[in-house]
>>> print(open('work17.pdb').read())   # PDB, C-alpha atoms and all ligand atoms
ATOM      1  CA  MET D   1     101.851  29.661 327.633  1.00  0.00           C
ATOM      2  CA  THR D   2     101.826  30.673 331.294  1.00  0.00           C
ATOM      3  CA  VAL D   3     104.672  28.920 333.032  1.00  0.00           C
ATOM      4  CA  LEU D   4     104.143  30.348 336.493  1.00  0.00           C
ATOM      5  CA  GLU D   5     101.856  32.761 338.286  1.00  0.00           C
ATOM      6  CA  THR D   6     102.486  34.781 341.451  1.00  0.00           C
ATOM      7  CA  GLU D   7     100.333  37.262 343.342  1.00  0.00           C
ATOM      8  CA  ARG D   8     101.130  40.131 340.940  1.00  0.00           C
ATOM      9  CA  LEU D   9     102.874  38.480 337.996  1.00  0.00           C
ATOM     10  CA  LEU D  10     102.415  36.128 335.106  1.00  0.00           C
ATOM     11  CA  LEU D  11     105.626  34.452 333.990  1.00  0.00           C
ATOM     12  CA  ARG D  12     105.028  33.193 330.484  1.00  0.00           C
ATOM     13  CA  GLU D  13     106.834  32.283 327.286  1.00  0.00           C
ATOM     14  CA  PRO D  14     108.027  35.290 325.240  1.00  0.00           C
ATOM     15  CA  GLN D  15     105.683  36.292 322.403  1.00  0.00           C
ATOM     16  CA  LEU D  16     106.146  38.574 319.419  1.00  0.00           C
ATOM     17  CA  GLU D  17     103.860  41.150 321.064  1.00  0.00           C
ATOM     18  CA  ASP D  18     106.614  41.647 323.716  1.00  0.00           C
ATOM     19  CA  LEU D  19     109.104  42.908 321.126  1.00  0.00           C
ATOM     20  CA  ASP D  20     108.669  46.694 321.506  1.00  0.00           C
ATOM     21  CA  ALA D  21     108.733  46.659 325.316  1.00  0.00           C
ATOM     22  CA  PHE D  22     111.715  44.300 325.259  1.00  0.00           C
ATOM     23  CA  CYS D  23     113.619  46.621 322.905  1.00  0.00           C
ATOM     24  CA  ALA D  24     112.777  49.715 324.974  1.00  0.00           C
ATOM     25  CA  MET D  25     114.281  47.994 328.002  1.00  0.00           C
ATOM     26  CA  GLU D  26     117.414  46.915 326.173  1.00  0.00           C
ATOM     27  CA  MET D  27     117.897  50.466 324.846  1.00  0.00           C
ATOM     28  CA  ASP D  28     117.701  51.986 328.361  1.00  0.00           C
ATOM     29  CA  PRO D  29     121.202  52.805 329.742  1.00  0.00           C
ATOM     30  CA  ASP D  30     119.928  52.441 333.351  1.00  0.00           C
ATOM     31  CA  VAL D  31     118.778  48.886 332.735  1.00  0.00           C
ATOM     32  CA  ARG D  32     121.998  47.998 330.917  1.00  0.00           C
ATOM     33  CA  ARG D  33     124.377  49.698 333.374  1.00  0.00           C
ATOM     34  CA  PHE D  34     125.432  46.450 335.081  1.00  0.00           C
ATOM     35  CA  VAL D  35     124.501  44.048 332.273  1.00  0.00           C
ATOM     36  CA  GLY D  36     126.742  44.567 329.309  1.00  0.00           C
ATOM     37  CA  GLY D  37     127.361  48.182 330.263  1.00  0.00           C
ATOM     38  CA  TYR D  38     126.042  49.875 327.114  1.00  0.00           C
ATOM     39  CA  PRO D  39     122.508  50.264 325.766  1.00  0.00           C
ATOM     40  CA  ARG D  40     121.695  48.121 322.744  1.00  0.00           C
ATOM     41  CA  THR D  41     120.495  49.663 319.516  1.00  0.00           C
ATOM     42  CA  ARG D  42     117.012  48.740 318.306  1.00  0.00           C
ATOM     43  CA  GLU D  43     118.597  46.435 315.704  1.00  0.00           C
ATOM     44  CA  GLU D  44     120.735  44.658 318.304  1.00  0.00           C
ATOM     45  CA  ALA D  45     117.781  44.309 320.638  1.00  0.00           C
ATOM     46  CA  GLU D  46     115.578  42.823 317.912  1.00  0.00           C
ATOM     47  CA  ARG D  47     118.292  40.332 316.976  1.00  0.00           C
ATOM     48  CA  ARG D  48     118.655  39.397 320.627  1.00  0.00           C
ATOM     49  CA  PHE D  49     114.916  38.904 320.999  1.00  0.00           C
ATOM     50  CA  ARG D  50     114.687  36.634 317.968  1.00  0.00           C
ATOM     51  CA  ASN D  51     117.792  34.603 318.912  1.00  0.00           C
ATOM     52  CA  GLY D  52     116.519  34.204 322.463  1.00  0.00           C
ATOM     53  CA  ARG D  53     113.405  32.552 321.090  1.00  0.00           C
ATOM     54  CA  ARG D  54     115.443  29.861 319.351  1.00  0.00           C
ATOM     55  CA  HIS D  55     117.070  28.289 322.416  1.00  0.00           C
ATOM     56  CA  LYS D  56     114.848  25.567 323.760  1.00  0.00           C
ATOM     57  CA  THR D  57     115.577  23.964 327.122  1.00  0.00           C
ATOM     58  CA  ASN D  58     113.297  22.734 329.886  1.00  0.00           C
ATOM     59  CA  LEU D  59     114.380  25.765 331.920  1.00  0.00           C
ATOM     60  CA  PRO D  60     111.796  28.553 332.138  1.00  0.00           C
ATOM     61  CA  PHE D  61     113.119  31.886 330.852  1.00  0.00           C
ATOM     62  CA  CYS D  62     110.052  34.063 330.646  1.00  0.00           C
ATOM     63  CA  SER D  63     108.475  37.358 329.878  1.00  0.00           C
ATOM     64  CA  ILE D  64     107.298  38.967 333.105  1.00  0.00           C
ATOM     65  CA  ILE D  65     103.776  40.385 332.866  1.00  0.00           C
ATOM     66  CA  LEU D  66     102.260  42.668 335.508  1.00  0.00           C
ATOM     67  CA  LYS D  67      98.758  41.265 335.889  1.00  0.00           C
ATOM     68  CA  ALA D  68      97.159  44.541 337.064  1.00  0.00           C
ATOM     69  CA  GLU D  69      98.210  46.316 333.828  1.00  0.00           C
ATOM     70  CA  ASN D  70      98.458  43.287 331.542  1.00  0.00           C
ATOM     71  CA  SER D  71     101.793  44.751 330.469  1.00  0.00           C
ATOM     72  CA  TYR D  72     105.247  43.376 329.752  1.00  0.00           C
ATOM     73  CA  ILE D  73     107.587  44.647 332.471  1.00  0.00           C
ATOM     74  CA  GLY D  74     110.696  42.548 331.899  1.00  0.00           C
ATOM     75  CA  ARG D  75     112.101  39.075 331.682  1.00  0.00           C
ATOM     76  CA  GLY D  76     113.774  36.523 333.847  1.00  0.00           C
ATOM     77  CA  GLY D  77     114.183  32.923 334.753  1.00  0.00           C
ATOM     78  CA  LEU D  78     116.576  30.012 334.725  1.00  0.00           C
ATOM     79  CA  HIS D  79     119.221  29.467 332.075  1.00  0.00           C
ATOM     80  CA  PRO D  80     122.083  27.052 331.383  1.00  0.00           C
ATOM     81  CA  MET D  81     125.553  28.213 332.451  1.00  0.00           C
ATOM     82  CA  PRO D  82     128.905  27.000 331.148  1.00  0.00           C
ATOM     83  CA  GLY D  83     129.931  23.835 333.012  1.00  0.00           C
ATOM     84  CA  GLY D  84     126.393  22.565 333.523  1.00  0.00           C
ATOM     85  CA  ALA D  85     125.198  24.843 336.320  1.00  0.00           C
ATOM     86  CA  VAL D  86     121.786  26.539 336.163  1.00  0.00           C
ATOM     87  CA  GLY D  87     121.722  30.324 336.565  1.00  0.00           C
ATOM     88  CA  LEU D  88     119.001  32.755 337.655  1.00  0.00           C
ATOM     89  CA  GLY D  89     118.599  36.113 335.886  1.00  0.00           C
ATOM     90  CA  PHE D  90     116.076  38.977 336.064  1.00  0.00           C
ATOM     91  CA  TYR D  91     115.657  42.288 334.222  1.00  0.00           C
ATOM     92  CA  LEU D  92     112.878  44.814 334.758  1.00  0.00           C
ATOM     93  CA  ALA D  93     111.998  48.030 332.958  1.00  0.00           C
ATOM     94  CA  ARG D  94     112.906  51.136 334.982  1.00  0.00           C
ATOM     95  CA  PRO D  95     109.334  52.232 335.935  1.00  0.00           C
ATOM     96  CA  TYR D  96     108.795  48.923 337.742  1.00  0.00           C
ATOM     97  CA  TRP D  97     111.878  48.964 339.980  1.00  0.00           C
ATOM     98  CA  GLY D  98     111.565  49.191 343.752  1.00  0.00           C
ATOM     99  CA  ARG D  99     108.253  47.390 344.245  1.00  0.00           C
ATOM    100  CA  GLY D 100     109.571  43.939 345.127  1.00  0.00           C
ATOM    101  CA  LEU D 101     108.608  42.589 341.716  1.00  0.00           C
ATOM    102  CA  ALA D 102     112.014  41.118 340.816  1.00  0.00           C
ATOM    103  CA  THR D 103     112.124  39.328 344.169  1.00  0.00           C
ATOM    104  CA  GLU D 104     108.607  37.984 343.605  1.00  0.00           C
ATOM    105  CA  ALA D 105     109.640  36.605 340.212  1.00  0.00           C
ATOM    106  CA  ALA D 106     113.000  35.279 341.476  1.00  0.00           C
ATOM    107  CA  ARG D 107     111.312  33.334 344.285  1.00  0.00           C
ATOM    108  CA  ALA D 108     108.884  31.748 341.838  1.00  0.00           C
ATOM    109  CA  PHE D 109     111.673  30.640 339.472  1.00  0.00           C
ATOM    110  CA  VAL D 110     113.773  29.236 342.314  1.00  0.00           C
ATOM    111  CA  ASP D 111     110.783  27.394 343.736  1.00  0.00           C
ATOM    112  CA  TYR D 112     110.024  25.915 340.313  1.00  0.00           C
ATOM    113  CA  GLY D 113     113.673  24.913 339.785  1.00  0.00           C
ATOM    114  CA  PHE D 114     113.845  23.113 343.116  1.00  0.00           C
ATOM    115  CA  ARG D 115     110.372  21.576 343.335  1.00  0.00           C
ATOM    116  CA  GLU D 116     109.611  20.708 339.707  1.00  0.00           C
ATOM    117  CA  LEU D 117     113.034  20.336 338.135  1.00  0.00           C
ATOM    118  CA  LYS D 118     114.725  18.955 341.275  1.00  0.00           C
ATOM    119  CA  LEU D 119     117.817  21.055 340.612  1.00  0.00           C
ATOM    120  CA  PRO D 120     120.512  20.579 343.292  1.00  0.00           C
ATOM    121  CA  ARG D 121     121.542  24.263 343.178  1.00  0.00           C
ATOM    122  CA  ILE D 122     120.990  27.535 341.335  1.00  0.00           C
ATOM    123  CA  VAL D 123     123.709  30.138 340.846  1.00  0.00           C
ATOM    124  CA  SER D 124     123.807  33.793 339.876  1.00  0.00           C
ATOM    125  CA  ALA D 125     126.580  36.245 338.953  1.00  0.00           C
ATOM    126  CA  VAL D 126     126.196  39.979 339.562  1.00  0.00           C
ATOM    127  CA  GLU D 127     128.476  42.745 338.391  1.00  0.00           C
ATOM    128  CA  VAL D 128     130.115  44.462 341.360  1.00  0.00           C
ATOM    129  CA  GLY D 129     128.140  47.610 342.179  1.00  0.00           C
ATOM    130  CA  ASN D 130     124.718  46.202 341.267  1.00  0.00           C
ATOM    131  CA  ALA D 131     123.372  46.542 344.809  1.00  0.00           C
ATOM    132  CA  ALA D 132     119.703  46.107 343.862  1.00  0.00           C
ATOM    133  CA  SER D 133     120.435  42.780 342.192  1.00  0.00           C
ATOM    134  CA  VAL D 134     122.481  41.560 345.165  1.00  0.00           C
ATOM    135  CA  ARG D 135     119.600  42.510 347.438  1.00  0.00           C
ATOM    136  CA  VAL D 136     117.139  40.524 345.308  1.00  0.00           C
ATOM    137  CA  LEU D 137     119.402  37.476 345.603  1.00  0.00           C
ATOM    138  CA  GLU D 138     119.780  37.932 349.362  1.00  0.00           C
ATOM    139  CA  LYS D 139     116.026  38.238 349.823  1.00  0.00           C
ATOM    140  CA  THR D 140     115.629  35.034 347.769  1.00  0.00           C
ATOM    141  CA  GLY D 141     118.051  33.203 350.079  1.00  0.00           C
ATOM    142  CA  PHE D 142     121.230  33.148 347.978  1.00  0.00           C
ATOM    143  CA  ASN D 143     124.663  33.040 349.623  1.00  0.00           C
ATOM    144  CA  PHE D 144     127.779  34.857 348.470  1.00  0.00           C
ATOM    145  CA  LEU D 145     130.422  32.473 347.101  1.00  0.00           C
ATOM    146  CA  ARG D 146     133.328  34.477 345.693  1.00  0.00           C
ATOM    147  CA  ARG D 147     134.398  37.591 343.811  1.00  0.00           C
ATOM    148  CA  GLU D 148     135.829  37.208 340.303  1.00  0.00           C
ATOM    149  CA  ALA D 149     137.969  40.272 339.628  1.00  0.00           C
ATOM    150  CA  GLY D 150     138.316  41.271 335.986  1.00  0.00           C
ATOM    151  CA  GLU D 151     140.291  44.045 334.338  1.00  0.00           C
ATOM    152  CA  ARG D 152     137.250  46.034 333.263  1.00  0.00           C
ATOM    153  CA  ARG D 153     134.414  44.402 335.151  1.00  0.00           C
ATOM    154  CA  SER D 154     134.238  42.238 338.263  1.00  0.00           C
ATOM    155  CA  PHE D 155     131.518  39.822 339.322  1.00  0.00           C
ATOM    156  CA  ASP D 156     130.211  38.446 342.595  1.00  0.00           C
ATOM    157  CA  HIS D 157     129.021  34.837 342.432  1.00  0.00           C
ATOM    158  CA  PHE D 158     126.104  33.575 344.522  1.00  0.00           C
ATOM    159  CA  GLU D 159     124.454  30.200 345.004  1.00  0.00           C
ATOM    160  CA  LEU D 160     121.362  28.702 346.549  1.00  0.00           C
ATOM    161  CA  ARG D 161     121.288  24.992 347.387  1.00  0.00           C
ATOM    162  CA  ASN D 162     118.182  22.827 347.303  1.00  0.00           C
ATOM    163  CA  SER D 163     117.679  21.697 350.867  1.00  0.00           C
TER     164      SER D 163
HETATM  165  C1  LIG O   1     117.994  44.459 339.696  1.00  0.00           C
HETATM  166  C2  LIG O   1     116.506  44.640 339.435  1.00  0.00           C
HETATM  167  C3  LIG O   1     115.957  43.427 338.692  1.00  0.00           C
HETATM  168  C4  LIG O   1     115.787  44.778 340.792  1.00  0.00           C
HETATM  169  O1  LIG O   1     114.398  44.853 340.557  1.00  0.00           O
HETATM  170  P1  LIG O   1     113.378  45.383 341.659  1.00  0.00           P
HETATM  171  O2  LIG O   1     112.023  44.875 341.305  1.00  0.00           O
HETATM  172  O3  LIG O   1     113.572  46.835 341.855  1.00  0.00           O
HETATM  173  O4  LIG O   1     113.909  44.597 342.956  1.00  0.00           O
HETATM  174  P2  LIG O   1     113.106  44.469 344.340  1.00  0.00           P
HETATM  175  O5  LIG O   1     112.205  45.642 344.517  1.00  0.00           O
HETATM  176  O6  LIG O   1     112.532  43.108 344.420  1.00  0.00           O
HETATM  177  O7  LIG O   1     114.319  44.550 345.384  1.00  0.00           O
HETATM  178  C5  LIG O   1     115.319  45.553 345.249  1.00  0.00           C
HETATM  179  C6  LIG O   1     116.034  45.713 346.577  1.00  0.00           C
HETATM  180  O8  LIG O   1     117.256  46.415 346.337  1.00  0.00           O
HETATM  181  C7  LIG O   1     117.277  47.594 347.120  1.00  0.00           C
HETATM  182  N1  LIG O   1     118.015  48.582 346.340  1.00  0.00           N
HETATM  183  C8  LIG O   1     117.665  49.181 345.200  1.00  0.00           C
HETATM  184  N2  LIG O   1     118.621  50.019 344.783  1.00  0.00           N
HETATM  185  C9  LIG O   1     119.619  49.934 345.699  1.00  0.00           C
HETATM  186  C10 LIG O   1     120.878  50.546 345.832  1.00  0.00           C
HETATM  187  N3  LIG O   1     121.331  51.425 344.917  1.00  0.00           N
HETATM  188  N4  LIG O   1     121.641  50.239 346.907  1.00  0.00           N
HETATM  189  C11 LIG O   1     121.210  49.355 347.839  1.00  0.00           C
HETATM  190  N5  LIG O   1     120.009  48.717 347.750  1.00  0.00           N
HETATM  191  C12 LIG O   1     119.236  49.008 346.696  1.00  0.00           C
HETATM  192  C13 LIG O   1     115.833  47.940 347.351  1.00  0.00           C
HETATM  193  O9  LIG O   1     115.681  48.779 348.472  1.00  0.00           O
HETATM  194  C14 LIG O   1     115.260  46.534 347.585  1.00  0.00           C
HETATM  195  O10 LIG O   1     115.611  46.017 348.827  1.00  0.00           O
HETATM  196  P3  LIG O   1     114.585  46.047 350.087  1.00  0.00           P
HETATM  197  O11 LIG O   1     113.365  45.293 349.690  1.00  0.00           O
HETATM  198  O12 LIG O   1     115.359  45.415 351.193  1.00  0.00           O
HETATM  199  O13 LIG O   1     114.271  47.503 350.357  1.00  0.00           O
HETATM  200  C15 LIG O   1     116.242  45.923 338.589  1.00  0.00           C
HETATM  201  O14 LIG O   1     116.850  47.003 339.230  1.00  0.00           O
HETATM  202  C16 LIG O   1     116.780  45.797 337.168  1.00  0.00           C
HETATM  203  O15 LIG O   1     116.111  45.265 336.297  1.00  0.00           O
HETATM  204  N6  LIG O   1     117.994  46.311 336.940  1.00  0.00           N
HETATM  205  C17 LIG O   1     118.606  46.284 335.597  1.00  0.00           C
HETATM  206  C18 LIG O   1     118.936  44.875 335.125  1.00  0.00           C
HETATM  207  C19 LIG O   1     119.827  44.135 336.112  1.00  0.00           C
HETATM  208  O16 LIG O   1     120.794  44.683 336.624  1.00  0.00           O
HETATM  209  N7  LIG O   1     119.489  42.858 336.333  1.00  0.00           N
HETATM  210  C20 LIG O   1     120.244  41.995 337.229  1.00  0.00           C
HETATM  211  C21 LIG O   1     121.365  41.348 336.503  1.00  0.00           C
HETATM  212  S1  LIG O   1     122.337  40.343 337.625  1.00  0.00           S
END
>>> encode(input="work17.pdb", output="structure tokens")
Amino acid sequence: MTVLETERLLLREPQLEDLDAFCAMEMDPDVRRFVGGYPRTREEAERRFRNGRRHKTNLPFCSIILKAENSYIGRGGLHPMPGGAVGLGFYLARPYWGRGLATEAARAFVDYGFRELKLPRIVSAVEVGNAASVRVLEKTGFNFLRREAGERRSFDHFELRNS
């Protein structure tokens, strides 16, 4: 069940026991500010959780567990993007922000994608204004590619190449 382990984190397959913590995160407007823009209802979050469990790829998209507390603190990993690229995403519950945990998880996923899956590159798109997320990508070695300006929301695209 454990896909990866870092100093402070277990990155493992989602389990039903994660449901309540997952929903609490998805219902938090701070967490959703730059991802979707509106908090999900409990019903929407539950549907999302169950649908997420149906998509099977060889890409790790995991629950993030803080080992010291044995608690679910968020989710993240690699996921297929339109056009065949592989994307990196990460989402943490508010109490766990600002401790370097997203960067620790992001580095582990990138390392796995390059070493084990031999991916040529990993990409990530961040809504403009999400400075913390940009910083995580920078600390993980990603480079800015381009800005995609939309009417309501704009995105910055980043990539990291396997060297
Ligand atoms: C983005 C997110 C995952 C970051 O998690 P985290 O564990 O706090 O990230 P880290 O602690 O590893 O790194 C955050 C960095 O951003 C910086 N940062 C945080 N808020 C910032 C802000 N408003 N402006 C500038 N920098 C900021 C921190 O100082 C830190 O950089 P540093 O190590 O150089 O000091 C977390 O805020 C989150 O889950 N947000 C909601 C979901 C989301 O937006 N996900 C990303 C979708 S692309």
>>> resolve_selection(input="work17.pdb", expression="the PyMOL selection byres (((not hetatm)) within 7 of (chain O and resi 1))", output="PyMOL selection string")
chain D and resi 30-35+89-94+96-104+125-127+130-133+135-136
>>> resolve_selection(input="work17.pdb", expression="the PyMOL selection byres (((chain D and resi 77) around 6) and not hetatm)", output="JSON, numbers by chain")
{"D": [60, 61, 62, 76, 78, 88, 89, 109]}
>>> write_last_selection(input="work17.pdb", atoms="C-alpha atoms", output="tab-separated table (two decimals), keeping the file's coordinate frame")
chain	number	residue	atom	x	y	z
D	60	PRO	CA	111.80	28.55	332.14
D	61	PHE	CA	113.12	31.89	330.85
D	62	CYS	CA	110.05	34.06	330.65
D	76	GLY	CA	113.77	36.52	333.85
D	78	LEU	CA	116.58	30.01	334.72
D	88	LEU	CA	119.00	32.76	337.66
D	89	GLY	CA	118.60	36.11	335.89
D	109	PHE	CA	111.67	30.64	339.47
>>> residues_near_point(input="work17.pdb", point="(122.3, 25.0, 339.8)", cutoff="10 Å", atoms="all atoms listed in the file", output="CSV table (one decimal) with C-alpha atoms, keeping the file's coordinate frame")
chain,number,residue,atom,x,y,z
D,78,LEU,CA,116.6,30.0,334.7
D,79,HIS,CA,119.2,29.5,332.1
D,80,PRO,CA,122.1,27.1,331.4
D,81,MET,CA,125.6,28.2,332.5
D,84,GLY,CA,126.4,22.6,333.5
D,85,ALA,CA,125.2,24.8,336.3
D,86,VAL,CA,121.8,26.5,336.2
D,87,GLY,CA,121.7,30.3,336.6
D,88,LEU,CA,119.0,32.8,337.7
D,110,VAL,CA,113.8,29.2,342.3
D,113,GLY,CA,113.7,24.9,339.8
D,114,PHE,CA,113.8,23.1,343.1
D,118,LYS,CA,114.7,19.0,341.3
D,119,LEU,CA,117.8,21.1,340.6
D,120,PRO,CA,120.5,20.6,343.3
D,121,ARG,CA,121.5,24.3,343.2
D,122,ILE,CA,121.0,27.5,341.3
D,123,VAL,CA,123.7,30.1,340.8
D,124,SER,CA,123.8,33.8,339.9
D,159,GLU,CA,124.5,30.2,345.0
D,160,LEU,CA,121.4,28.7,346.5
D,161,ARG,CA,121.3,25.0,347.4
D,162,ASN,CA,118.2,22.8,347.3
>>> residues_around(input="work17.pdb", residues="Pro39 of chain D", least_positions_apart="3", cutoff="7 Å", atoms="all atoms listed in the file", output="PyMOL selection string")
chain D and resi 26-29+32
>>> closest_residue(input="work17.pdb", among="D:Asp111, D:Tyr38, D:Val134, D:Glu148", to="Ser163 of chain D", atoms="all atoms listed in the file")
D:Asp111
>>> closest_residue(input="work17.pdb", among="D:Arg8, D:Arg40, D:Arg107, D:Arg48", to="Leu66 of chain D", atoms="all atoms listed in the file")
D:Arg8
>>> atom_distance(input="work17.pdb", atom1="atom CA of Leu11 of chain D", atom2="atom CA of Ser63 of chain D")
5.8 Å
>>> atom_distance(input="work17.pdb", atom1="atom CA of Tyr112 of chain D", atom2="atom CA of Leu4 of chain D")
8.3 Å
>>> axis_aligned_box(input="work17.pdb", around="segment 141-156 of chain D", padding_each_side="4 Å", output="AutoDock Vina command-line options")
--center_x 129.2 --center_y 39.3 --center_z 341.7 --size_x 30.2 --size_y 21.6 --size_z 24.8
>>> closest_residue(input="work17.pdb", among="D:Thr57, D:Glu17, D:Val128, D:Thr41", to="Ala149 of chain D", atoms="only C-alpha atoms")
D:Val128
>>> atom_distance(input="work17.pdb", atom1="atom CA of Arg47 of chain D", atom2="atom CA of Cys23 of chain D")
9.8 Å
>>> closest_residue(input="work17.pdb", among="D:Gly37, D:Glu13, D:Gly74, D:Arg50", to="Arg153 of chain D", atoms="all atoms listed in the file")
D:Gly37
>>> closest_residue(input="work17.pdb", among="D:Lys67, D:His157, D:Arg75, D:Arg152", to="Leu10 of chain D", atoms="all atoms listed in the file")
D:Lys67
>>> resolve_selection(input="work17.pdb", expression="the PyMOL selection byres (((chain D and resi 146) around 9) and not hetatm)", output="list in words")
Phe144, Leu145, Arg147, Glu148, Phe155, Asp156, His157 and Phe158 of chain D
>>> write_last_selection(input="work17.pdb", atoms="C-alpha atoms", output="PDB file, in the frame of the given file")
ATOM      1  CA  PHE D 144     127.779  34.857 348.470  1.00  0.00           C
ATOM      2  CA  LEU D 145     130.422  32.473 347.101  1.00  0.00           C
ATOM      3  CA  ARG D 147     134.398  37.591 343.811  1.00  0.00           C
ATOM      4  CA  GLU D 148     135.829  37.208 340.303  1.00  0.00           C
ATOM      5  CA  PHE D 155     131.518  39.822 339.322  1.00  0.00           C
ATOM      6  CA  ASP D 156     130.211  38.446 342.595  1.00  0.00           C
ATOM      7  CA  HIS D 157     129.021  34.837 342.432  1.00  0.00           C
ATOM      8  CA  PHE D 158     126.104  33.575 344.522  1.00  0.00           C
TER       9      PHE D 158
END
>>> closest_residue(input="work17.pdb", among="D:Met25, D:Glu69, D:Ala105, D:Arg42", to="Arg12 of chain D", atoms="all atoms listed in the file")
D:Ala105
>>> build_atoms(input="work17.pdb", residues="segment 85-92 of chain D", atoms="all heavy atoms", output="PDB file, in the coordinates of the input")
ATOM      1  N   ALA D  85     126.002  24.244 335.249  1.00  0.00           N
ATOM      2  CA  ALA D  85     125.198  24.843 336.320  1.00  0.00           C
ATOM      3  C   ALA D  85     123.963  25.524 335.724  1.00  0.00           C
ATOM      4  O   ALA D  85     123.902  25.796 334.521  1.00  0.00           O
ATOM      5  CB  ALA D  85     126.036  25.852 337.094  1.00  0.00           C
ATOM      6  N   VAL D  86     122.982  25.799 336.582  1.00  0.00           N
ATOM      7  CA  VAL D  86     121.786  26.539 336.163  1.00  0.00           C
ATOM      8  C   VAL D  86     121.823  27.904 336.848  1.00  0.00           C
ATOM      9  O   VAL D  86     122.018  28.000 338.066  1.00  0.00           O
ATOM     10  CB  VAL D  86     120.509  25.768 336.545  1.00  0.00           C
ATOM     11  CG1 VAL D  86     119.272  26.637 336.333  1.00  0.00           C
ATOM     12  CG2 VAL D  86     120.399  24.496 335.708  1.00  0.00           C
ATOM     13  N   GLY D  87     121.657  28.960 336.048  1.00  0.00           N
ATOM     14  CA  GLY D  87     121.722  30.324 336.565  1.00  0.00           C
ATOM     15  C   GLY D  87     120.344  30.957 336.647  1.00  0.00           C
ATOM     16  O   GLY D  87     119.413  30.553 335.935  1.00  0.00           O
ATOM     17  N   LEU D  88     120.225  31.956 337.531  1.00  0.00           N
ATOM     18  CA  LEU D  88     119.001  32.755 337.655  1.00  0.00           C
ATOM     19  C   LEU D  88     119.314  34.168 337.180  1.00  0.00           C
ATOM     20  O   LEU D  88     120.339  34.742 337.555  1.00  0.00           O
ATOM     21  CB  LEU D  88     118.560  32.813 339.129  1.00  0.00           C
ATOM     22  CG  LEU D  88     117.447  33.816 339.471  1.00  0.00           C
ATOM     23  CD1 LEU D  88     116.106  33.324 338.903  1.00  0.00           C
ATOM     24  CD2 LEU D  88     117.337  34.016 340.987  1.00  0.00           C
ATOM     25  N   GLY D  89     118.431  34.732 336.350  1.00  0.00           N
ATOM     26  CA  GLY D  89     118.599  36.113 335.886  1.00  0.00           C
ATOM     27  C   GLY D  89     117.268  36.842 335.911  1.00  0.00           C
ATOM     28  O   GLY D  89     116.203  36.216 335.811  1.00  0.00           O
ATOM     29  N   PHE D  90     117.314  38.176 336.060  1.00  0.00           N
ATOM     30  CA  PHE D  90     116.076  38.977 336.064  1.00  0.00           C
ATOM     31  C   PHE D  90     116.379  40.397 335.604  1.00  0.00           C
ATOM     32  O   PHE D  90     117.424  40.968 335.946  1.00  0.00           O
ATOM     33  CB  PHE D  90     115.423  38.982 337.458  1.00  0.00           C
ATOM     34  CG  PHE D  90     116.425  38.972 338.576  1.00  0.00           C
ATOM     35  CD1 PHE D  90     117.111  40.113 338.923  1.00  0.00           C
ATOM     36  CD2 PHE D  90     116.710  37.801 339.249  1.00  0.00           C
ATOM     37  CE1 PHE D  90     118.050  40.110 339.935  1.00  0.00           C
ATOM     38  CE2 PHE D  90     117.666  37.783 340.273  1.00  0.00           C
ATOM     39  CZ  PHE D  90     118.339  38.947 340.608  1.00  0.00           C
ATOM     40  N   TYR D  91     115.478  40.959 334.815  1.00  0.00           N
ATOM     41  CA  TYR D  91     115.657  42.288 334.222  1.00  0.00           C
ATOM     42  C   TYR D  91     114.289  42.951 334.151  1.00  0.00           C
ATOM     43  O   TYR D  91     113.387  42.428 333.510  1.00  0.00           O
ATOM     44  CB  TYR D  91     116.220  42.173 332.790  1.00  0.00           C
ATOM     45  CG  TYR D  91     117.407  41.249 332.688  1.00  0.00           C
ATOM     46  CD1 TYR D  91     117.226  39.870 332.557  1.00  0.00           C
ATOM     47  CD2 TYR D  91     118.699  41.747 332.735  1.00  0.00           C
ATOM     48  CE1 TYR D  91     118.309  39.005 332.493  1.00  0.00           C
ATOM     49  CE2 TYR D  91     119.790  40.895 332.669  1.00  0.00           C
ATOM     50  CZ  TYR D  91     119.589  39.526 332.543  1.00  0.00           C
ATOM     51  OH  TYR D  91     120.668  38.678 332.490  1.00  0.00           O
ATOM     52  N   LEU D  92     114.161  44.104 334.796  1.00  0.00           N
ATOM     53  CA  LEU D  92     112.878  44.814 334.758  1.00  0.00           C
ATOM     54  C   LEU D  92     113.050  46.185 334.128  1.00  0.00           C
ATOM     55  O   LEU D  92     114.100  46.829 334.287  1.00  0.00           O
ATOM     56  CB  LEU D  92     112.321  45.001 336.172  1.00  0.00           C
ATOM     57  CG  LEU D  92     111.889  43.763 336.957  1.00  0.00           C
ATOM     58  CD1 LEU D  92     111.159  44.200 338.228  1.00  0.00           C
ATOM     59  CD2 LEU D  92     111.004  42.839 336.144  1.00  0.00           C
TER      60      LEU D  92
END
